[in-house]
Amino acid sequence: MKLVKSLIILSIAAALAGCGGDDSSNSNSGNNGDINTGGDGGGNQNGAFGITPWDLTKIKLELQKVAITDGKTADICGSGDNITVETSHFVASFHYDLPTNNIDNLKDATRMTEVALAELIEHTGLSLTEDLDISQKWTVCYDSSQTGQGTAYIDKFEFSPTSVDPNSSRFTSGYDLAKHELFHTFKMQLIDELAFLRMPRWFTESTAELFTGATFGNLTTTTLNDFVDTTKESPFNVQTWYDEQEFSSIHPQYTNPYSIYLESLAYLGAHGLTNEGIIQLIRDSKNSSNSNEDFSSFDKALSVLENSMTLPSSYTELRVPSTYKHQIGEWADATTYRQDFTPKAGYGEYIDLYIESLDGAYSNDGALVTSDQLHYEMRGVLANATYKVYANTGSASFGPITVVVANGKLGHLDFTDAPEFNMD
Ligand SMILES: [Zn+2]
């Protein structure tokens, strides 16, 4: 079965978190079920893998505290209009001269960035004075065209959030984009812009997703195997942007492979990699090679770290597709289960499900409808709460049906009477 990015995911869940304008990710805010996380969400706790992102209530509260002033006149982003605003750590302007430019939105985008910085500082445990140099304010170039794309530099980032309005359902994806790009800036600050390219792409993007708070622990063996079978690559062997382009240009369903990278990182997390270990790996990836893409420092640092981990196969071995499939498959199978599914008849083959908590804080697009169309396979334990569930064929979506989870699982899903979901 092929994993197809379904309409509903693209319409209501995708938070495009691109870099260089060429990539994007499905960055779902929310917590994973089965892997050790940052616990109460406070700080970079010793031994933790992953973070608990701030919830919307906290973010809104922090947004209100951000002081913003009109900046000095300067064309810092090249749009030509000389409008700038400033917060404590950022000076911001419009990236392009667009009819959608609006000074209030620019202010909202800059407030969002300031809060995203505070949240990332808490999750990474990095110091704004000792680890990062923000003595000169970093630049934000706000693109008001809402593409969901962004690009990070060592003291600047450009981004086009889908919304800057905290009351919009699209706000979280825009806020997550700010965190994703800022985490790239953190990496460049730790080791410089050139050395940034000396970390493999799967690691660069997966760690940005991890510290943004994207969901992991929910991709099934089928999904992970499909990636390897289709691309003929182990995710751990996607080292450059060009590697990624090679398969995503032929297999558009893998234009957004970040969830696969993140799940691969989570495999390392389940075998002893911690948030602190990740920051150390970034620091150790610096080298003095003249080659832009010399991964030897990263490889060496990870092989040292492996001594304190419990990996059955080394990272080097996991870069071989067959080894990756075997090891990750065994790991994912242990937390994967099958339950009953009743389709709404007459609409062709169902492919996957989209599951979202009522408050939108948790989302999961990793559950697959099996080829017999009578079951679905899913991974990870759900927190006891009420969820909205959608079922997707290749061309249509149905739902939501509302399911109350009391024992960690959704149970039988009956779509017989579910409405067709129309994204308009
Ligand atoms: Zn990125």
# chains A, B, ... in the order shown; residues from 1 in each chain; ligands from 1
>>> select_by_dssp(residues="stretch 269-299 of chain A", states="alpha helix (DSSP H)", output="PyMOL selection string")
chain A and resi 269-270+275-284+296-299
>>> atom_distance(atom1="atom CA of A:Ala332", atom2="atom CA of A:Leu273")
16.9 Å
>>> residues_around(residues="A:Gly366", least_positions_apart="5", cutoff="7 Å", atoms="only C-alpha atoms", output="list in words")
Asn218, Leu219, Thr220 and Met378 of chain A
>>> residues_around(residues="stretch 96-111 of chain A", least_positions_apart="3", cutoff="9 Å", atoms="only C-alpha atoms", output="PDB file with N, CA and C atoms, in the first residue's frame")
ATOM      1  N   GLU A  62       1.788  34.790  26.409  1.00  0.00           N
ATOM      2  CA  GLU A  62       3.129  35.322  26.150  1.00  0.00           C
ATOM      3  C   GLU A  62       3.096  36.391  25.053  1.00  0.00           C
ATOM      4  N   LEU A  63       2.232  36.185  24.058  1.00  0.00           N
ATOM      5  CA  LEU A  63       2.122  37.158  22.957  1.00  0.00           C
ATOM      6  C   LEU A  63       1.727  38.537  23.489  1.00  0.00           C
ATOM      7  N   GLN A  64       0.846  38.516  24.486  1.00  0.00           N
ATOM      8  CA  GLN A  64       0.371  39.791  25.041  1.00  0.00           C
ATOM      9  C   GLN A  64       1.462  40.550  25.778  1.00  0.00           C
ATOM     10  N   LYS A  65       2.499  39.821  26.207  1.00  0.00           N
ATOM     11  CA  LYS A  65       3.561  40.467  26.991  1.00  0.00           C
ATOM     12  C   LYS A  65       4.642  41.089  26.110  1.00  0.00           C
ATOM     13  N   VAL A  66       4.629  40.759  24.812  1.00  0.00           N
ATOM     14  CA  VAL A  66       5.720  41.218  23.939  1.00  0.00           C
ATOM     15  C   VAL A  66       5.572  42.714  23.633  1.00  0.00           C
ATOM     16  N   ALA A  67       6.576  43.471  24.016  1.00  0.00           N
ATOM     17  CA  ALA A  67       6.570  44.904  23.704  1.00  0.00           C
ATOM     18  C   ALA A  67       7.090  45.102  22.289  1.00  0.00           C
ATOM     19  N   ILE A  68       6.398  45.940  21.538  1.00  0.00           N
ATOM     20  CA  ILE A  68       6.806  46.154  20.146  1.00  0.00           C
ATOM     21  C   ILE A  68       6.835  47.654  19.858  1.00  0.00           C
ATOM     22  N   THR A  69       7.860  48.083  19.140  1.00  0.00           N
ATOM     23  CA  THR A  69       7.990  49.512  18.827  1.00  0.00           C
ATOM     24  C   THR A  69       8.228  49.677  17.327  1.00  0.00           C
ATOM     25  N   CYS A  77      15.041  44.120   4.515  1.00  0.00           N
ATOM     26  CA  CYS A  77      14.685  42.883   3.814  1.00  0.00           C
ATOM     27  C   CYS A  77      14.573  43.073   2.300  1.00  0.00           C
ATOM     28  N   GLY A  78      14.871  44.253   1.840  1.00  0.00           N
ATOM     29  CA  GLY A  78      14.903  44.461   0.398  1.00  0.00           C
ATOM     30  C   GLY A  78      13.552  44.692  -0.254  1.00  0.00           C
ATOM     31  N   SER A  79      12.507  44.943   0.555  1.00  0.00           N
ATOM     32  CA  SER A  79      11.197  45.150  -0.066  1.00  0.00           C
ATOM     33  C   SER A  79      11.045  46.585  -0.564  1.00  0.00           C
ATOM     34  N   GLY A  80      11.910  47.455  -0.062  1.00  0.00           N
ATOM     35  CA  GLY A  80      11.907  48.819  -0.549  1.00  0.00           C
ATOM     36  C   GLY A  80      10.978  49.762   0.173  1.00  0.00           C
ATOM     37  N   ASP A  81      10.235  49.253   1.179  1.00  0.00           N
ATOM     38  CA  ASP A  81       9.259  50.161   1.776  1.00  0.00           C
ATOM     39  C   ASP A  81       9.699  50.772   3.110  1.00  0.00           C
ATOM     40  N   ILE A  83       9.730  49.989   6.145  1.00  0.00           N
ATOM     41  CA  ILE A  83       8.932  49.865   7.370  1.00  0.00           C
ATOM     42  C   ILE A  83       9.574  48.797   8.250  1.00  0.00           C
ATOM     43  N   THR A  84       9.900  49.153   9.475  1.00  0.00           N
ATOM     44  CA  THR A  84      10.416  48.152  10.398  1.00  0.00           C
ATOM     45  C   THR A  84       9.730  48.270  11.750  1.00  0.00           C
ATOM     46  N   VAL A  85       9.666  47.133  12.451  1.00  0.00           N
ATOM     47  CA  VAL A  85       9.210  47.126  13.839  1.00  0.00           C
ATOM     48  C   VAL A  85      10.230  46.327  14.648  1.00  0.00           C
ATOM     49  N   GLU A  86      10.274  46.570  15.960  1.00  0.00           N
ATOM     50  CA  GLU A  86      11.275  45.903  16.787  1.00  0.00           C
ATOM     51  C   GLU A  86      10.679  45.348  18.063  1.00  0.00           C
ATOM     52  N   THR A  87      11.206  44.178  18.450  1.00  0.00           N
ATOM     53  CA  THR A  87      10.948  43.622  19.782  1.00  0.00           C
ATOM     54  C   THR A  87      12.314  43.542  20.470  1.00  0.00           C
ATOM     55  N   PHE A  90      14.368  41.091  18.028  1.00  0.00           N
ATOM     56  CA  PHE A  90      14.212  41.058  16.570  1.00  0.00           C
ATOM     57  C   PHE A  90      13.913  42.437  15.995  1.00  0.00           C
ATOM     58  N   VAL A  91      14.388  42.645  14.789  1.00  0.00           N
ATOM     59  CA  VAL A  91      13.935  43.768  13.987  1.00  0.00           C
ATOM     60  C   VAL A  91      13.315  43.159  12.726  1.00  0.00           C
ATOM     61  N   ALA A  92      12.130  43.617  12.389  1.00  0.00           N
ATOM     62  CA  ALA A  92      11.373  42.943  11.334  1.00  0.00           C
ATOM     63  C   ALA A  92      10.890  43.905  10.267  1.00  0.00           C
ATOM     64  N   SER A  93      10.786  43.366   9.068  1.00  0.00           N
ATOM     65  CA  SER A  93      10.252  44.150   7.964  1.00  0.00           C
ATOM     66  C   SER A  93       9.559  43.225   6.975  1.00  0.00           C
ATOM     67  N   GLU A 114       9.087  36.369  18.647  1.00  0.00           N
ATOM     68  CA  GLU A 114       9.669  36.601  19.973  1.00  0.00           C
ATOM     69  C   GLU A 114       9.243  35.489  20.950  1.00  0.00           C
ATOM     70  N   VAL A 115       7.975  35.089  20.889  1.00  0.00           N
ATOM     71  CA  VAL A 115       7.496  34.014  21.764  1.00  0.00           C
ATOM     72  C   VAL A 115       8.108  32.674  21.345  1.00  0.00           C
ATOM     73  N   ALA A 116       8.217  32.453  20.038  1.00  0.00           N
ATOM     74  CA  ALA A 116       8.835  31.217  19.544  1.00  0.00           C
ATOM     75  C   ALA A 116      10.279  31.106  20.043  1.00  0.00           C
ATOM     76  N   VAL A 140      13.930  39.543  11.011  1.00  0.00           N
ATOM     77  CA  VAL A 140      12.805  38.749  10.518  1.00  0.00           C
ATOM     78  C   VAL A 140      12.301  39.404   9.240  1.00  0.00           C
ATOM     79  N   CYS A 141      12.269  38.643   8.167  1.00  0.00           N
ATOM     80  CA  CYS A 141      11.683  39.140   6.922  1.00  0.00           C
ATOM     81  C   CYS A 141      10.344  38.424   6.741  1.00  0.00           C
ATOM     82  N   TYR A 142       9.286  39.168   6.943  1.00  0.00           N
ATOM     83  CA  TYR A 142       7.942  38.587   6.937  1.00  0.00           C
ATOM     84  C   TYR A 142       7.339  38.688   5.546  1.00  0.00           C
ATOM     85  N   ASP A 143       7.008  37.528   5.004  1.00  0.00           N
ATOM     86  CA  ASP A 143       6.370  37.433   3.687  1.00  0.00           C
ATOM     87  C   ASP A 143       4.875  37.229   3.927  1.00  0.00           C
ATOM     88  N   SER A 144       4.073  38.180   3.502  1.00  0.00           N
ATOM     89  CA  SER A 144       2.637  38.150   3.829  1.00  0.00           C
ATOM     90  C   SER A 144       1.812  37.286   2.882  1.00  0.00           C
ATOM     91  N   SER A 145       2.482  36.525   1.999  1.00  0.00           N
ATOM     92  CA  SER A 145       1.699  35.754   1.021  1.00  0.00           C
ATOM     93  C   SER A 145       1.224  34.390   1.539  1.00  0.00           C
ATOM     94  N   PRO A 161       4.217  32.753   7.287  1.00  0.00           N
ATOM     95  CA  PRO A 161       3.266  31.954   8.071  1.00  0.00           C
ATOM     96  C   PRO A 161       1.878  31.951   7.447  1.00  0.00           C
ATOM     97  N   SER A 163      -0.838  31.947   8.983  1.00  0.00           N
ATOM     98  CA  SER A 163      -1.636  32.944   9.687  1.00  0.00           C
ATOM     99  C   SER A 163      -0.802  33.525  10.822  1.00  0.00           C
ATOM    100  N   VAL A 164      -1.024  34.789  11.153  1.00  0.00           N
ATOM    101  CA  VAL A 164      -0.369  35.391  12.320  1.00  0.00           C
ATOM    102  C   VAL A 164      -1.406  35.744  13.384  1.00  0.00           C
ATOM    103  N   ASP A 165      -2.656  35.366  13.133  1.00  0.00           N
ATOM    104  CA  ASP A 165      -3.755  35.677  14.039  1.00  0.00           C
ATOM    105  C   ASP A 165      -3.934  34.537  15.049  1.00  0.00           C
ATOM    106  N   PRO A 166      -3.664  34.787  16.325  1.00  0.00           N
ATOM    107  CA  PRO A 166      -3.738  33.710  17.325  1.00  0.00           C
ATOM    108  C   PRO A 166      -5.115  33.068  17.416  1.00  0.00           C
ATOM    109  N   GLY A 174       1.676  28.408  11.554  1.00  0.00           N
ATOM    110  CA  GLY A 174       2.572  29.556  11.362  1.00  0.00           C
ATOM    111  C   GLY A 174       3.563  29.698  12.504  1.00  0.00           C
ATOM    112  N   TYR A 175       3.073  29.494  13.710  1.00  0.00           N
ATOM    113  CA  TYR A 175       3.927  29.577  14.894  1.00  0.00           C
ATOM    114  C   TYR A 175       4.981  28.459  14.865  1.00  0.00           C
ATOM    115  N   ALA A 178       7.788  29.308  12.601  1.00  0.00           N
ATOM    116  CA  ALA A 178       8.767  30.202  13.236  1.00  0.00           C
ATOM    117  C   ALA A 178       9.739  29.405  14.101  1.00  0.00           C
TER     118      ALA A 178
END
>>> atom_distance(atom1="atom CA of A:Gly380", atom2="atom CA of A:Ser206")
19.0 Å
>>> atom_distance(atom1="atom CA of A:Thr416", atom2="atom CA of A:Gln253")
28.2 Å
>>> closest_residue(among="A:Leu368, A:Ala208, A:Leu318, A:Val405", to="ligand 1", atoms="only C-alpha atoms and all ligand atoms")
A:Ala208
>>> select_by_dssp(residues="stretch 151-337 of chain A", states="strand (DSSP E or B)", output="PyMOL selection string")
chain A and resi 151-152+156-159+214+336-337
>>> write_last_selection(atoms="C-alpha atoms", output="short mmCIF file (atom, residue, chain, number, x, y, z; two decimals), in the first residue's frame")
data_model
loop_
_atom_site.label_atom_id
_atom_site.label_comp_id
_atom_site.auth_asym_id
_atom_site.auth_seq_id
_atom_site.Cartn_x
_atom_site.Cartn_y
_atom_site.Cartn_z
CA THR A 151 14.41 30.02 5.08
CA ALA A 152 16.85 30.36 7.95
CA LYS A 156 17.99 36.17 10.17
CA PHE A 157 15.08 34.25 8.85
CA GLU A 158 12.45 34.73 6.19
CA PHE A 159 9.07 33.22 6.72
CA ALA A 214 5.89 17.69 16.06
CA THR A 336 1.32 -1.17 16.29
CA TYR A 337 -2.14 -2.70 16.55
#
>>> residues_around(residues="A:Phe203", least_positions_apart="4", cutoff="9 Å", atoms="only C-alpha atoms", output="PyMOL selection string")
chain A and resi 199+207-208+236+238-239+261-262+265
>>> write_last_selection(atoms="N, CA and C atoms", output="compact mmCIF listing (two decimals), in the first residue's frame")
# COMPACT_ATOMS: atom_id res chain seq x y z
N MET A 199 25.97 18.57 8.65
CA MET A 199 25.06 17.64 9.32
C MET A 199 24.14 17.08 8.24
N THR A 207 15.49 17.21 13.69
CA THR A 207 15.70 17.87 14.98
C THR A 207 14.91 19.18 15.05
N ALA A 208 14.79 19.86 13.91
CA ALA A 208 13.95 21.08 13.89
C ALA A 208 12.50 20.71 14.20
N PHE A 236 18.11 7.38 6.97
CA PHE A 236 19.38 7.80 7.57
C PHE A 236 20.45 8.07 6.51
N VAL A 238 19.74 9.94 3.78
CA VAL A 238 19.39 11.18 3.08
C VAL A 238 20.26 12.29 3.68
N GLN A 239 21.39 12.53 3.04
CA GLN A 239 22.38 13.42 3.64
C GLN A 239 22.28 14.85 3.14
N TYR A 261 11.74 11.30 8.65
CA TYR A 261 13.02 11.62 9.32
C TYR A 261 12.83 11.66 10.83
N LEU A 262 11.72 12.29 11.26
CA LEU A 262 11.48 12.44 12.69
C LEU A 262 11.27 11.08 13.35
N LEU A 265 14.57 9.57 13.80
CA LEU A 265 15.24 10.18 14.97
C LEU A 265 14.64 9.60 16.26
>>> residues_around(residues="stretch 348-355 of chain A", least_positions_apart="4", cutoff="7 Å", atoms="only C-alpha atoms", output="list of chain:residue names")
A:Ser363, A:Asn364, A:Asp365, A:Ala367, A:Leu368, A:Val369, A:Gln373, A:Tyr387, A:Lys388, A:Val389, A:Tyr390, A:Ala391, A:Asn392, A:Thr393, A:Gly394
>>> write_last_selection(atoms="C-alpha atoms", output="short mmCIF file (atom, residue, chain, number, x, y, z; two decimals), in the first residue's frame")
data_model
loop_
_atom_site.label_atom_id
_atom_site.label_comp_id
_atom_site.auth_asym_id
_atom_site.auth_seq_id
_atom_site.Cartn_x
_atom_site.Cartn_y
_atom_site.Cartn_z
CA SER A 363 -3.03 15.19 15.50
CA ASN A 364 -2.03 11.91 13.93
CA ASP A 365 -1.94 11.10 10.23
CA ALA A 367 -2.98 5.36 10.76
CA LEU A 368 -3.56 3.26 7.62
CA VAL A 369 -6.64 1.42 6.39
CA GLN A 373 -10.76 -2.42 3.98
CA TYR A 387 -11.12 12.77 19.05
CA LYS A 388 -12.40 13.65 15.62
CA VAL A 389 -11.55 11.02 13.02
CA TYR A 390 -11.60 11.35 9.24
CA ALA A 391 -11.15 8.57 6.67
CA ASN A 392 -9.56 9.29 3.33
CA THR A 393 -9.70 7.70 -0.09
CA GLY A 394 -7.32 8.96 -2.75
#
>>> closest_residue(among="A:Asp359, A:Asp75, A:Asp55, A:Glu420", to="A:Asp176", atoms="only C-alpha atoms")
A:Asp55
>>> residues_around(residues="A:Asp155", least_positions_apart="6", cutoff="9 Å", atoms="only C-alpha atoms", output="mmCIF file with C-alpha atoms, in the first residue's frame")
data_model
loop_
_atom_site.group_PDB
_atom_site.id
_atom_site.type_symbol
_atom_site.label_atom_id
_atom_site.label_comp_id
_atom_site.auth_asym_id
_atom_site.auth_seq_id
_atom_site.Cartn_x
_atom_site.Cartn_y
_atom_site.Cartn_z
ATOM 1 C CA ASP A 133 24.863 35.749 19.780
ATOM 2 C CA ILE A 134 21.831 38.009 19.638
ATOM 3 C CA GLN A 136 22.718 42.503 17.433
ATOM 4 C CA LYS A 137 19.026 41.865 16.967
ATOM 5 C CA TRP A 138 18.192 39.110 14.497
ATOM 6 C CA THR A 139 16.252 40.052 11.387
ATOM 7 C CA VAL A 140 12.805 38.749 10.518
ATOM 8 C CA THR A 185 19.274 29.518 13.133
ATOM 9 C CA PHE A 186 20.250 28.077 16.540
ATOM 10 C CA MET A 188 24.043 27.849 12.617
ATOM 11 C CA GLN A 189 24.784 29.921 15.709
#
>>> closest_residue(among="A:Asp192, A:Asp417, A:Glu263, A:Glu209", to="ligand 1", atoms="only C-alpha atoms and all ligand atoms")
A:Glu209
>>> closest_residue(among="A:Ser313, A:Asn407, A:Thr386, A:Asn275", to="A:Lys325", atoms="only C-alpha atoms")
A:Ser313
>>> closest_residue(among="A:Gly148, A:Pro252, A:Pro53, A:Gly408", to="ligand 1", atoms="only C-alpha atoms and all ligand atoms")
A:Gly148
